[in-house]
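Peer 1: Below is the file final24.cif, which contains mmCIF, N, CA and C atoms.
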data_my_file
#
loop_
_atom_site.label_atom_id
_atom_site.label_comp_id
_atom_site.auth_asym_id
_atom_site.auth_seq_id
_atom_site.Cartn_x
_atom_site.Cartn_y
_atom_site.Cartn_z
N MET A 1 3.79 -13.14 20.57
CA MET A 1 3.04 -14.24 21.13
C MET A 1 1.69 -13.75 21.60
N ALA A 2 0.77 -14.63 21.80
CA ALA A 2 -0.57 -14.27 22.20
C ALA A 2 -0.64 -13.93 23.68
N THR A 3 -1.54 -13.02 24.00
CA THR A 3 -1.77 -12.67 25.40
C THR A 3 -3.24 -12.90 25.71
N PRO A 4 -3.59 -13.26 26.96
CA PRO A 4 -4.99 -13.55 27.28
C PRO A 4 -5.85 -12.29 27.18
N LEU A 5 -7.08 -12.49 26.76
CA LEU A 5 -8.04 -11.40 26.73
C LEU A 5 -8.35 -11.00 28.16
N ALA A 6 -8.37 -9.75 28.44
CA ALA A 6 -8.62 -9.27 29.79
C ALA A 6 -10.11 -9.19 30.05
N GLY A 7 -10.66 -10.23 30.63
CA GLY A 7 -12.06 -10.21 31.05
C GLY A 7 -13.08 -10.24 29.94
N ILE A 8 -12.68 -10.59 28.72
CA ILE A 8 -13.63 -10.67 27.61
C ILE A 8 -13.93 -12.14 27.36
N PRO A 9 -15.12 -12.59 27.78
CA PRO A 9 -15.43 -14.02 27.62
C PRO A 9 -15.76 -14.37 26.18
N ILE A 10 -15.43 -15.58 25.81
CA ILE A 10 -15.85 -16.13 24.53
C ILE A 10 -16.99 -17.08 24.86
N GLU A 11 -18.11 -16.90 24.19
CA GLU A 11 -19.30 -17.64 24.58
C GLU A 11 -19.45 -18.93 23.82
N ASP A 12 -19.91 -19.96 24.51
CA ASP A 12 -20.20 -21.26 23.94
C ASP A 12 -21.64 -21.23 23.44
N VAL A 13 -21.85 -21.28 22.14
CA VAL A 13 -23.19 -21.19 21.57
C VAL A 13 -23.82 -22.55 21.36
N SER A 14 -23.16 -23.62 21.80
CA SER A 14 -23.71 -24.95 21.63
C SER A 14 -24.81 -25.25 22.65
N ALA A 15 -24.85 -24.52 23.75
CA ALA A 15 -25.87 -24.72 24.76
C ALA A 15 -27.13 -23.93 24.38
N ASP A 16 -28.23 -24.20 25.10
CA ASP A 16 -29.47 -23.48 24.84
C ASP A 16 -29.35 -22.00 25.15
N ARG A 17 -28.46 -21.67 26.04
CA ARG A 17 -28.25 -20.27 26.38
C ARG A 17 -26.75 -19.99 26.35
N CYS A 18 -26.40 -18.74 26.28
CA CYS A 18 -24.99 -18.37 26.24
C CYS A 18 -24.34 -18.61 27.60
N VAL A 19 -23.23 -19.33 27.58
CA VAL A 19 -22.48 -19.59 28.79
C VAL A 19 -21.04 -19.18 28.51
N PRO A 20 -20.47 -18.26 29.32
CA PRO A 20 -19.09 -17.85 29.07
C PRO A 20 -18.12 -19.03 29.13
N CYS A 21 -17.20 -19.06 28.17
CA CYS A 21 -16.17 -20.08 28.12
C CYS A 21 -14.85 -19.48 28.60
N ALA A 22 -13.82 -20.26 28.51
CA ALA A 22 -12.49 -19.76 28.85
C ALA A 22 -12.13 -18.65 27.88
N PRO A 23 -11.44 -17.59 28.36
CA PRO A 23 -11.07 -16.50 27.46
C PRO A 23 -10.08 -16.96 26.39
N GLY A 24 -10.14 -16.29 25.24
CA GLY A 24 -9.20 -16.57 24.16
C GLY A 24 -7.90 -15.81 24.38
N TRP A 25 -7.11 -15.75 23.32
CA TRP A 25 -5.81 -15.08 23.39
C TRP A 25 -5.73 -14.00 22.34
N LEU A 26 -5.18 -12.87 22.71
CA LEU A 26 -4.92 -11.79 21.76
C LEU A 26 -3.51 -11.94 21.21
N LEU A 27 -3.34 -11.55 19.96
CA LEU A 27 -2.01 -11.50 19.38
C LEU A 27 -1.27 -10.29 19.94
N ASP A 28 0.04 -10.40 20.08
CA ASP A 28 0.78 -9.22 20.56
C ASP A 28 0.88 -8.19 19.45
N ARG A 29 1.23 -6.97 19.80
CA ARG A 29 1.22 -5.84 18.87
C ARG A 29 2.11 -6.07 17.65
N ASP A 30 3.31 -6.60 17.82
CA ASP A 30 4.20 -6.85 16.69
C ASP A 30 3.61 -7.85 15.71
N GLU A 31 2.99 -8.90 16.25
CA GLU A 31 2.37 -9.92 15.41
C GLU A 31 1.20 -9.32 14.63
N VAL A 32 0.39 -8.52 15.30
CA VAL A 32 -0.75 -7.88 14.64
C VAL A 32 -0.28 -6.96 13.53
N GLU A 33 0.77 -6.18 13.78
CA GLU A 33 1.29 -5.27 12.75
C GLU A 33 1.81 -6.05 11.54
N SER A 34 2.51 -7.14 11.79
CA SER A 34 3.03 -7.97 10.70
C SER A 34 1.89 -8.57 9.88
N LEU A 35 0.92 -9.15 10.56
CA LEU A 35 -0.23 -9.75 9.87
C LEU A 35 -1.02 -8.70 9.10
N THR A 36 -1.23 -7.55 9.71
CA THR A 36 -1.98 -6.48 9.06
C THR A 36 -1.29 -6.04 7.78
N ALA A 37 0.02 -5.89 7.80
CA ALA A 37 0.76 -5.48 6.60
C ALA A 37 0.58 -6.50 5.48
N GLN A 38 0.66 -7.78 5.81
CA GLN A 38 0.50 -8.81 4.79
C GLN A 38 -0.93 -8.87 4.27
N LEU A 39 -1.89 -8.78 5.17
CA LEU A 39 -3.29 -8.84 4.74
C LEU A 39 -3.66 -7.61 3.91
N LYS A 40 -3.16 -6.45 4.28
CA LYS A 40 -3.40 -5.25 3.48
C LYS A 40 -2.77 -5.38 2.10
N ALA A 41 -1.64 -6.05 2.02
CA ALA A 41 -0.97 -6.22 0.73
C ALA A 41 -1.84 -6.99 -0.25
N VAL A 42 -2.57 -7.98 0.22
CA VAL A 42 -3.42 -8.76 -0.68
C VAL A 42 -4.84 -8.21 -0.77
N ALA A 43 -5.18 -7.26 0.09
CA ALA A 43 -6.54 -6.70 0.11
C ALA A 43 -6.68 -5.52 -0.85
N ASP A 44 -6.07 -5.62 -1.99
CA ASP A 44 -6.15 -4.60 -3.02
C ASP A 44 -6.50 -5.31 -4.32
N GLN A 45 -7.40 -4.74 -5.09
CA GLN A 45 -7.87 -5.40 -6.31
C GLN A 45 -6.73 -5.70 -7.28
N THR A 46 -5.87 -4.73 -7.52
CA THR A 46 -4.78 -4.95 -8.47
C THR A 46 -3.81 -5.99 -7.96
N ARG A 47 -3.45 -5.91 -6.68
CA ARG A 47 -2.49 -6.89 -6.13
C ARG A 47 -3.07 -8.29 -6.11
N LEU A 48 -4.36 -8.40 -5.85
CA LEU A 48 -4.99 -9.72 -5.89
C LEU A 48 -4.98 -10.26 -7.32
N GLN A 49 -5.19 -9.38 -8.31
CA GLN A 49 -5.12 -9.79 -9.72
C GLN A 49 -3.69 -10.24 -10.06
N ILE A 50 -2.70 -9.53 -9.54
CA ILE A 50 -1.30 -9.90 -9.80
C ILE A 50 -1.02 -11.30 -9.27
N ILE A 51 -1.42 -11.57 -8.05
CA ILE A 51 -1.21 -12.91 -7.48
C ILE A 51 -1.93 -13.96 -8.31
N HIS A 52 -3.14 -13.65 -8.72
CA HIS A 52 -3.92 -14.59 -9.54
C HIS A 52 -3.23 -14.86 -10.88
N LEU A 53 -2.75 -13.80 -11.53
CA LEU A 53 -2.06 -13.97 -12.82
C LEU A 53 -0.79 -14.80 -12.68
N ILE A 54 -0.02 -14.53 -11.63
CA ILE A 54 1.22 -15.30 -11.42
C ILE A 54 0.88 -16.75 -11.14
N ASP A 55 -0.16 -16.99 -10.35
CA ASP A 55 -0.57 -18.36 -10.04
C ASP A 55 -0.97 -19.11 -11.31
N GLN A 56 -1.57 -18.44 -12.27
CA GLN A 56 -2.02 -19.08 -13.51
C GLN A 56 -0.90 -19.27 -14.53
N ALA A 57 0.20 -18.59 -14.34
CA ALA A 57 1.30 -18.67 -15.31
C ALA A 57 1.84 -20.10 -15.37
N PRO A 58 2.07 -20.63 -16.57
CA PRO A 58 2.55 -22.01 -16.70
C PRO A 58 3.82 -22.31 -15.91
N ALA A 59 4.74 -21.37 -15.85
CA ALA A 59 5.99 -21.59 -15.12
C ALA A 59 5.90 -21.11 -13.67
N GLY A 60 4.75 -20.56 -13.28
CA GLY A 60 4.58 -20.08 -11.92
C GLY A 60 5.30 -18.76 -11.65
N GLU A 61 5.65 -18.06 -12.71
CA GLU A 61 6.32 -16.77 -12.56
C GLU A 61 5.97 -15.91 -13.76
N LEU A 62 6.02 -14.58 -13.56
CA LEU A 62 5.78 -13.64 -14.64
C LEU A 62 6.74 -12.48 -14.54
N CYS A 63 7.02 -11.91 -15.70
CA CYS A 63 7.86 -10.73 -15.82
C CYS A 63 6.97 -9.50 -15.63
N VAL A 64 7.57 -8.41 -15.20
CA VAL A 64 6.83 -7.16 -15.06
C VAL A 64 6.13 -6.80 -16.36
N CYS A 65 6.78 -7.01 -17.49
CA CYS A 65 6.17 -6.66 -18.78
C CYS A 65 4.90 -7.47 -19.04
N ASP A 66 4.88 -8.75 -18.61
CA ASP A 66 3.68 -9.56 -18.77
C ASP A 66 2.53 -9.00 -17.94
N LEU A 67 2.84 -8.61 -16.73
CA LEU A 67 1.81 -8.07 -15.83
C LEU A 67 1.30 -6.72 -16.32
N THR A 68 2.20 -5.88 -16.80
CA THR A 68 1.81 -4.57 -17.31
C THR A 68 0.82 -4.72 -18.46
N GLN A 69 1.13 -5.63 -19.36
CA GLN A 69 0.26 -5.85 -20.51
C GLN A 69 -1.08 -6.45 -20.08
N SER A 70 -1.06 -7.45 -19.21
CA SER A 70 -2.29 -8.11 -18.77
C SER A 70 -3.22 -7.18 -17.99
N LEU A 71 -2.64 -6.35 -17.14
CA LEU A 71 -3.43 -5.47 -16.28
C LEU A 71 -3.79 -4.15 -16.96
N ASP A 72 -3.16 -3.89 -18.11
CA ASP A 72 -3.35 -2.63 -18.85
C ASP A 72 -3.10 -1.42 -17.94
N LEU A 73 -1.96 -1.51 -17.21
CA LEU A 73 -1.52 -0.44 -16.33
C LEU A 73 -0.11 -0.03 -16.71
N ALA A 74 0.26 1.18 -16.33
CA ALA A 74 1.62 1.65 -16.59
C ALA A 74 2.62 0.85 -15.76
N GLN A 75 3.82 0.70 -16.29
CA GLN A 75 4.86 -0.08 -15.61
C GLN A 75 5.17 0.43 -14.21
N PRO A 76 5.25 1.75 -13.96
CA PRO A 76 5.52 2.21 -12.60
C PRO A 76 4.41 1.83 -11.61
N THR A 77 3.17 1.80 -12.08
CA THR A 77 2.05 1.41 -11.22
C THR A 77 2.15 -0.06 -10.85
N VAL A 78 2.42 -0.90 -11.84
CA VAL A 78 2.56 -2.34 -11.58
C VAL A 78 3.76 -2.58 -10.66
N SER A 79 4.86 -1.88 -10.92
CA SER A 79 6.05 -2.05 -10.08
C SER A 79 5.78 -1.66 -8.63
N ARG A 80 4.98 -0.62 -8.42
CA ARG A 80 4.65 -0.20 -7.05
C ARG A 80 3.87 -1.30 -6.34
N HIS A 81 2.90 -1.91 -7.03
CA HIS A 81 2.12 -3.00 -6.44
C HIS A 81 3.02 -4.22 -6.17
N LEU A 82 3.91 -4.52 -7.10
CA LEU A 82 4.82 -5.64 -6.90
C LEU A 82 5.75 -5.41 -5.71
N LYS A 83 6.19 -4.18 -5.55
CA LYS A 83 7.05 -3.85 -4.41
C LYS A 83 6.32 -4.07 -3.09
N ILE A 84 5.06 -3.69 -3.02
CA ILE A 84 4.27 -3.88 -1.81
C ILE A 84 4.15 -5.37 -1.49
N LEU A 85 3.84 -6.18 -2.50
CA LEU A 85 3.71 -7.62 -2.30
C LEU A 85 5.05 -8.27 -1.92
N THR A 86 6.12 -7.80 -2.54
CA THR A 86 7.45 -8.34 -2.25
C THR A 86 7.90 -7.94 -0.85
N THR A 87 7.69 -6.69 -0.48
CA THR A 87 8.06 -6.20 0.85
C THR A 87 7.28 -6.95 1.93
N ALA A 88 6.03 -7.29 1.64
CA ALA A 88 5.21 -8.06 2.59
C ALA A 88 5.66 -9.51 2.66
N GLY A 89 6.59 -9.89 1.79
CA GLY A 89 7.11 -11.25 1.81
C GLY A 89 6.27 -12.27 1.07
N LEU A 90 5.32 -11.81 0.26
CA LEU A 90 4.41 -12.72 -0.41
C LEU A 90 4.84 -13.10 -1.82
N LEU A 91 5.73 -12.30 -2.41
CA LEU A 91 6.28 -12.62 -3.73
C LEU A 91 7.79 -12.70 -3.65
N ARG A 92 8.35 -13.51 -4.52
CA ARG A 92 9.81 -13.62 -4.69
C ARG A 92 10.15 -12.86 -5.97
N ARG A 93 11.21 -12.06 -5.92
CA ARG A 93 11.65 -11.26 -7.07
C ARG A 93 13.00 -11.76 -7.52
N GLU A 94 13.14 -11.98 -8.83
CA GLU A 94 14.42 -12.41 -9.40
C GLU A 94 14.74 -11.49 -10.58
N GLN A 95 15.88 -10.85 -10.51
CA GLN A 95 16.31 -9.96 -11.59
C GLN A 95 16.98 -10.79 -12.68
N ARG A 96 16.53 -10.62 -13.92
CA ARG A 96 17.13 -11.29 -15.08
C ARG A 96 17.37 -10.23 -16.14
N GLY A 97 18.61 -9.78 -16.20
CA GLY A 97 18.93 -8.70 -17.12
C GLY A 97 18.22 -7.43 -16.69
N THR A 98 17.46 -6.84 -17.62
CA THR A 98 16.77 -5.60 -17.28
C THR A 98 15.37 -5.85 -16.72
N TRP A 99 14.92 -7.10 -16.72
CA TRP A 99 13.55 -7.40 -16.28
C TRP A 99 13.56 -8.13 -14.95
N ALA A 100 12.53 -7.85 -14.17
CA ALA A 100 12.33 -8.54 -12.89
C ALA A 100 11.20 -9.56 -13.07
N TRP A 101 11.43 -10.75 -12.55
CA TRP A 101 10.45 -11.83 -12.62
C TRP A 101 9.95 -12.09 -11.20
N PHE A 102 8.66 -12.40 -11.10
CA PHE A 102 8.03 -12.58 -9.80
C PHE A 102 7.32 -13.93 -9.71
N SER A 103 7.44 -14.54 -8.55
CA SER A 103 6.74 -15.79 -8.27
C SER A 103 6.14 -15.70 -6.86
N ILE A 104 5.16 -16.53 -6.62
CA ILE A 104 4.46 -16.51 -5.33
C ILE A 104 5.26 -17.30 -4.30
N ARG A 105 5.37 -16.77 -3.12
CA ARG A 105 6.00 -17.48 -1.99
C ARG A 105 4.88 -18.21 -1.25
N TRP A 106 4.59 -19.43 -1.73
CA TRP A 106 3.49 -20.20 -1.15
C TRP A 106 3.72 -20.49 0.32
N ASP A 107 4.96 -20.66 0.71
CA ASP A 107 5.25 -20.89 2.12
C ASP A 107 4.81 -19.70 2.96
N ALA A 108 5.01 -18.49 2.45
CA ALA A 108 4.61 -17.28 3.17
C ALA A 108 3.09 -17.16 3.25
N LEU A 109 2.38 -17.53 2.18
CA LEU A 109 0.92 -17.48 2.22
C LEU A 109 0.36 -18.52 3.19
N ARG A 110 0.96 -19.71 3.21
CA ARG A 110 0.53 -20.73 4.16
C ARG A 110 0.77 -20.27 5.60
N GLU A 111 1.93 -19.67 5.82
CA GLU A 111 2.26 -19.17 7.15
C GLU A 111 1.32 -18.03 7.56
N LEU A 112 0.98 -17.17 6.63
CA LEU A 112 0.03 -16.09 6.90
C LEU A 112 -1.31 -16.66 7.34
N ARG A 113 -1.80 -17.64 6.59
CA ARG A 113 -3.07 -18.27 6.96
C ARG A 113 -2.98 -18.90 8.34
N LYS A 114 -1.90 -19.58 8.60
CA LYS A 114 -1.72 -20.26 9.89
C LYS A 114 -1.66 -19.26 11.05
N ARG A 115 -0.95 -18.15 10.84
CA ARG A 115 -0.81 -17.15 11.90
C ARG A 115 -2.09 -16.35 12.10
N ALA A 116 -2.76 -15.98 11.00
CA ALA A 116 -3.96 -15.16 11.10
C ALA A 116 -5.17 -15.96 11.53
N PHE A 117 -5.25 -17.21 11.09
CA PHE A 117 -6.41 -18.05 11.35
C PHE A 117 -5.95 -19.43 11.85
N PRO A 118 -5.40 -19.49 13.06
CA PRO A 118 -4.81 -20.74 13.54
C PRO A 118 -5.81 -21.89 13.68
N GLN A 119 -7.06 -21.59 13.83
CA GLN A 119 -8.09 -22.65 13.93
C GLN A 119 -8.78 -22.85 12.58
N GLY A 120 -8.07 -22.53 11.51
CA GLY A 120 -8.64 -22.45 10.17
C GLY A 120 -9.18 -23.72 9.55
N GLY A 121 -9.40 -24.73 10.30
CA GLY A 121 -10.03 -25.92 9.76
C GLY A 121 -9.18 -26.69 8.76
N GLY A 122 -7.88 -26.53 8.81
CA GLY A 122 -7.01 -27.34 7.97
C GLY A 122 -6.91 -26.89 6.53
N ALA A 123 -7.26 -25.65 6.23
CA ALA A 123 -7.11 -25.15 4.85
C ALA A 123 -5.69 -25.37 4.39
N SER A 124 -5.50 -25.72 3.13
CA SER A 124 -4.18 -26.15 2.69
C SER A 124 -3.48 -25.22 1.71
N PHE A 125 -3.96 -23.98 1.51
CA PHE A 125 -3.22 -23.14 0.56
C PHE A 125 -1.95 -22.76 1.22
#
Take the structure in the file and give it back as structure tokens.
Peer 2:
Amino acid sequence: MATPLAGIPIEDVSADRCVPCAPGWLLDRDEVESLTAQLKAVADQTRLQIIHLIDQAPAGELCVCDLTQSLDLAQPTVSRHLKILTTAGLLRREQRGTWAWFSIRWDALRELRKRAFPQGGGASF
């Protein structure tokens, strides 16, 4: 849960001069660690490409082999990136025979946006 900022004012810039407003709230350490892990998971070029490719897939899911071919990377490299995204809770993994299929957990991305940017202006992803 959030904790109040200790003596750090948030300034109201709508006035002609800066006037301290009520202090904001800090996220607690566990929340920050959770958010940081998820944000770091998507803050990688390859992982962002993976999410983009899965989002563009007609069925909303892709097999590891599809991603390996599209990204022109070795299967162990792609699997490592997929594991990071899955562990962060941003992808869903389904085993089908010898292949793993991945889809985006849109609920998790929406929750991430809501938790990280609660005043986010109503963004709807």
Peer 1: When you draw a straight line from atom CA of A:Gly120 to atom CA of A:Leu85, how long is it in Å?
Peer 2: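 For atom CA of A:Gly120 relative to atom CA of A:Leu85, the distance reads 23.0 Å.
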Peer 1: Suppose you want the space between atom CA of A:Thr87 and atom CA of A:Thr46; what is it in Å?
Peer 2: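 One can read the atom CA of A:Thr87 to atom CA of A:Thr46 distance as 15.9 Å.
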Peer 1: Give me the residues near A:Gln49 as a ChimeraX atom specification, where near means some atom within 8 Å (using all atoms listed in the file) and where sequence neighbours in that chain fewer than 6 positions away do not count.
Peer 2: /A:42,55,71
Peer 1: Take atom CA of A:Asp66 and atom C of A:Leu53 and report the distance between them in Å, one decimal.
Peer 2: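 These two atoms are separated by 9.2 Å.
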Peer 1: What parts of stretch 53-102 of chain A does DSSP call helix (DSSP H, G or I)? I'd like the answer as a list in words.
Peer 2: Leu53, Ile54, Asp55, Gln56, Val64, Cys65, Asp66, Leu67, Thr68, Gln69, Ser70, Leu71, Gln75, Pro76, Thr77, Val78, Ser79, Arg80, His81, Leu82, Lys83, Ile84, Leu85, Thr86 and Thr87 of chain A
Peer 1: Identify, on the basis of only C-alpha atoms, every residue whose closest approach to A:Lys40 does not exceed 12 Å; exclude the query and any residue fewer than 2 positions from it along the same chain; express the result as a PyMOL selection string.
Peer 2: chain A and resi 32-38+42-45+47-48+81+84-85+87-88+90+112
Peer 1: Can you work out which one of A:Leu62, A:Glu31, A:Leu26, A:Asp72 has the shortest atom-to-atom distance to A:Glu94, counting only C-alpha atoms?
Peer 2: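 Checking each candidate against A:Glu94, we get A:Leu62 as the closest.
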Peer 1: With a distance cut-off of 5 Å and all atoms listed in the file, select the neighbouring residues of A:Ile104, excluding the residue or stretch itself and same-chain residues fewer than 2 positions from it, and output the selection as number ranges by chain.
Peer 2: A: 90-92, 102, 106
Peer 1: I'd like to know which of A:Gly60, A:Asp28, A:Cys65, A:Thr86 is closest to A:Ala100, using only N, CA and C atoms.
Peer 2: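 Checking each of A:Gly60, A:Asp28, A:Cys65, A:Thr86 against A:Ala100, counting only N, CA and C atoms, the winner is A:Cys65.
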Peer 1: Could you add whatever atoms are missing so that stretch 45-55 of chain A carries all heavy atoms, then write the result as a PDB file, keeping the file's coordinate frame?
Peer 2:
ATOM      1  N   GLN A  45      -7.400  -4.740  -5.090  1.00  0.00           N
ATOM      2  CA  GLN A  45      -7.870  -5.400  -6.310  1.00  0.00           C
ATOM      3  C   GLN A  45      -6.730  -5.700  -7.280  1.00  0.00           C
ATOM      4  O   GLN A  45      -6.650  -6.811  -7.825  1.00  0.00           O
ATOM      5  CB  GLN A  45      -8.921  -4.535  -6.990  1.00  0.00           C
ATOM      6  CG  GLN A  45     -10.186  -4.396  -6.189  1.00  0.00           C
ATOM      7  CD  GLN A  45     -11.175  -3.438  -6.832  1.00  0.00           C
ATOM      8  OE1 GLN A  45     -10.984  -2.969  -7.947  1.00  0.00           O
ATOM      9  NE2 GLN A  45     -12.240  -3.140  -6.115  1.00  0.00           N
ATOM     10  N   THR A  46      -5.870  -4.730  -7.520  1.00  0.00           N
ATOM     11  CA  THR A  46      -4.780  -4.950  -8.470  1.00  0.00           C
ATOM     12  C   THR A  46      -3.810  -5.990  -7.960  1.00  0.00           C
ATOM     13  O   THR A  46      -3.378  -6.875  -8.706  1.00  0.00           O
ATOM     14  CB  THR A  46      -4.048  -3.617  -8.763  1.00  0.00           C
ATOM     15  OG1 THR A  46      -4.997  -2.690  -9.304  1.00  0.00           O
ATOM     16  CG2 THR A  46      -2.908  -3.817  -9.745  1.00  0.00           C
ATOM     17  N   ARG A  47      -3.450  -5.910  -6.680  1.00  0.00           N
ATOM     18  CA  ARG A  47      -2.490  -6.890  -6.130  1.00  0.00           C
ATOM     19  C   ARG A  47      -3.070  -8.290  -6.110  1.00  0.00           C
ATOM     20  O   ARG A  47      -2.368  -9.268  -6.364  1.00  0.00           O
ATOM     21  CB  ARG A  47      -2.016  -6.421  -4.758  1.00  0.00           C
ATOM     22  CG  ARG A  47      -1.174  -5.160  -4.873  1.00  0.00           C
ATOM     23  CD  ARG A  47      -0.480  -4.793  -3.608  1.00  0.00           C
ATOM     24  NE  ARG A  47      -1.309  -4.264  -2.568  1.00  0.00           N
ATOM     25  CZ  ARG A  47      -1.600  -2.978  -2.402  1.00  0.00           C
ATOM     26  NH1 ARG A  47      -1.113  -2.069  -3.240  1.00  0.00           N
ATOM     27  NH2 ARG A  47      -2.358  -2.585  -1.408  1.00  0.00           N
ATOM     28  N   LEU A  48      -4.360  -8.400  -5.850  1.00  0.00           N
ATOM     29  CA  LEU A  48      -4.990  -9.720  -5.890  1.00  0.00           C
ATOM     30  C   LEU A  48      -4.980 -10.260  -7.320  1.00  0.00           C
ATOM     31  O   LEU A  48      -4.733 -11.453  -7.543  1.00  0.00           O
ATOM     32  CB  LEU A  48      -6.417  -9.629  -5.349  1.00  0.00           C
ATOM     33  CG  LEU A  48      -7.104 -10.932  -4.992  1.00  0.00           C
ATOM     34  CD1 LEU A  48      -6.266 -11.774  -4.049  1.00  0.00           C
ATOM     35  CD2 LEU A  48      -8.465 -10.658  -4.396  1.00  0.00           C
ATOM     36  N   GLN A  49      -5.190  -9.380  -8.310  1.00  0.00           N
ATOM     37  CA  GLN A  49      -5.120  -9.790  -9.720  1.00  0.00           C
ATOM     38  C   GLN A  49      -3.690 -10.240 -10.060  1.00  0.00           C
ATOM     39  O   GLN A  49      -3.497 -11.213 -10.793  1.00  0.00           O
ATOM     40  CB  GLN A  49      -5.533  -8.647 -10.645  1.00  0.00           C
ATOM     41  CG  GLN A  49      -7.003  -8.345 -10.624  1.00  0.00           C
ATOM     42  CD  GLN A  49      -7.833  -9.374 -11.391  1.00  0.00           C
ATOM     43  OE1 GLN A  49      -7.401 -10.500 -11.636  1.00  0.00           O
ATOM     44  NE2 GLN A  49      -9.032  -8.994 -11.740  1.00  0.00           N
ATOM     45  N   ILE A  50      -2.700  -9.530  -9.540  1.00  0.00           N
ATOM     46  CA  ILE A  50      -1.300  -9.900  -9.800  1.00  0.00           C
ATOM     47  C   ILE A  50      -1.020 -11.300  -9.270  1.00  0.00           C
ATOM     48  O   ILE A  50      -0.449 -12.143  -9.985  1.00  0.00           O
ATOM     49  CB  ILE A  50      -0.338  -8.866  -9.176  1.00  0.00           C
ATOM     50  CG1 ILE A  50      -0.374  -7.566  -9.978  1.00  0.00           C
ATOM     51  CG2 ILE A  50       1.089  -9.416  -9.089  1.00  0.00           C
ATOM     52  CD1 ILE A  50       0.341  -6.393  -9.325  1.00  0.00           C
ATOM     53  N   ILE A  51      -1.420 -11.570  -8.050  1.00  0.00           N
ATOM     54  CA  ILE A  51      -1.210 -12.910  -7.480  1.00  0.00           C
ATOM     55  C   ILE A  51      -1.930 -13.960  -8.310  1.00  0.00           C
ATOM     56  O   ILE A  51      -1.375 -15.018  -8.599  1.00  0.00           O
ATOM     57  CB  ILE A  51      -1.671 -12.945  -6.002  1.00  0.00           C
ATOM     58  CG1 ILE A  51      -0.731 -12.091  -5.153  1.00  0.00           C
ATOM     59  CG2 ILE A  51      -1.721 -14.374  -5.471  1.00  0.00           C
ATOM     60  CD1 ILE A  51      -1.201 -11.864  -3.736  1.00  0.00           C
ATOM     61  N   HIS A  52      -3.140 -13.650  -8.720  1.00  0.00           N
ATOM     62  CA  HIS A  52      -3.920 -14.590  -9.540  1.00  0.00           C
ATOM     63  C   HIS A  52      -3.230 -14.860 -10.880  1.00  0.00           C
ATOM     64  O   HIS A  52      -3.122 -16.011 -11.305  1.00  0.00           O
ATOM     65  CB  HIS A  52      -5.328 -14.031  -9.757  1.00  0.00           C
ATOM     66  CG  HIS A  52      -6.220 -14.927 -10.531  1.00  0.00           C
ATOM     67  ND1 HIS A  52      -6.780 -16.068 -10.002  1.00  0.00           N
ATOM     68  CD2 HIS A  52      -6.646 -14.864 -11.816  1.00  0.00           C
ATOM     69  CE1 HIS A  52      -7.509 -16.663 -10.922  1.00  0.00           C
ATOM     70  NE2 HIS A  52      -7.443 -15.948 -12.035  1.00  0.00           N
ATOM     71  N   LEU A  53      -2.750 -13.800 -11.530  1.00  0.00           N
ATOM     72  CA  LEU A  53      -2.060 -13.970 -12.820  1.00  0.00           C
ATOM     73  C   LEU A  53      -0.790 -14.800 -12.680  1.00  0.00           C
ATOM     74  O   LEU A  53      -0.509 -15.677 -13.497  1.00  0.00           O
ATOM     75  CB  LEU A  53      -1.741 -12.611 -13.436  1.00  0.00           C
ATOM     76  CG  LEU A  53      -2.935 -11.826 -13.999  1.00  0.00           C
ATOM     77  CD1 LEU A  53      -2.535 -10.383 -14.290  1.00  0.00           C
ATOM     78  CD2 LEU A  53      -3.476 -12.518 -15.245  1.00  0.00           C
ATOM     79  N   ILE A  54      -0.020 -14.530 -11.630  1.00  0.00           N
ATOM     80  CA  ILE A  54       1.220 -15.300 -11.420  1.00  0.00           C
ATOM     81  C   ILE A  54       0.880 -16.750 -11.140  1.00  0.00           C
ATOM     82  O   ILE A  54       1.537 -17.668 -11.641  1.00  0.00           O
ATOM     83  CB  ILE A  54       2.070 -14.686 -10.287  1.00  0.00           C
ATOM     84  CG1 ILE A  54       2.576 -13.301 -10.704  1.00  0.00           C
ATOM     85  CG2 ILE A  54       3.237 -15.603  -9.930  1.00  0.00           C
ATOM     86  CD1 ILE A  54       3.240 -12.519  -9.581  1.00  0.00           C
ATOM     87  N   ASP A  55      -0.160 -16.990 -10.350  1.00  0.00           N
ATOM     88  CA  ASP A  55      -0.570 -18.360 -10.040  1.00  0.00           C
ATOM     89  C   ASP A  55      -0.970 -19.110 -11.310  1.00  0.00           C
ATOM     90  O   ASP A  55      -0.715 -20.311 -11.431  1.00  0.00           O
ATOM     91  CB  ASP A  55      -1.728 -18.326  -9.048  1.00  0.00           C
ATOM     92  CG  ASP A  55      -2.200 -19.711  -8.651  1.00  0.00           C
ATOM     93  OD1 ASP A  55      -1.341 -20.585  -8.388  1.00  0.00           O
ATOM     94  OD2 ASP A  55      -3.426 -19.929  -8.594  1.00  0.00           O
TER      95      ASP A  55
END
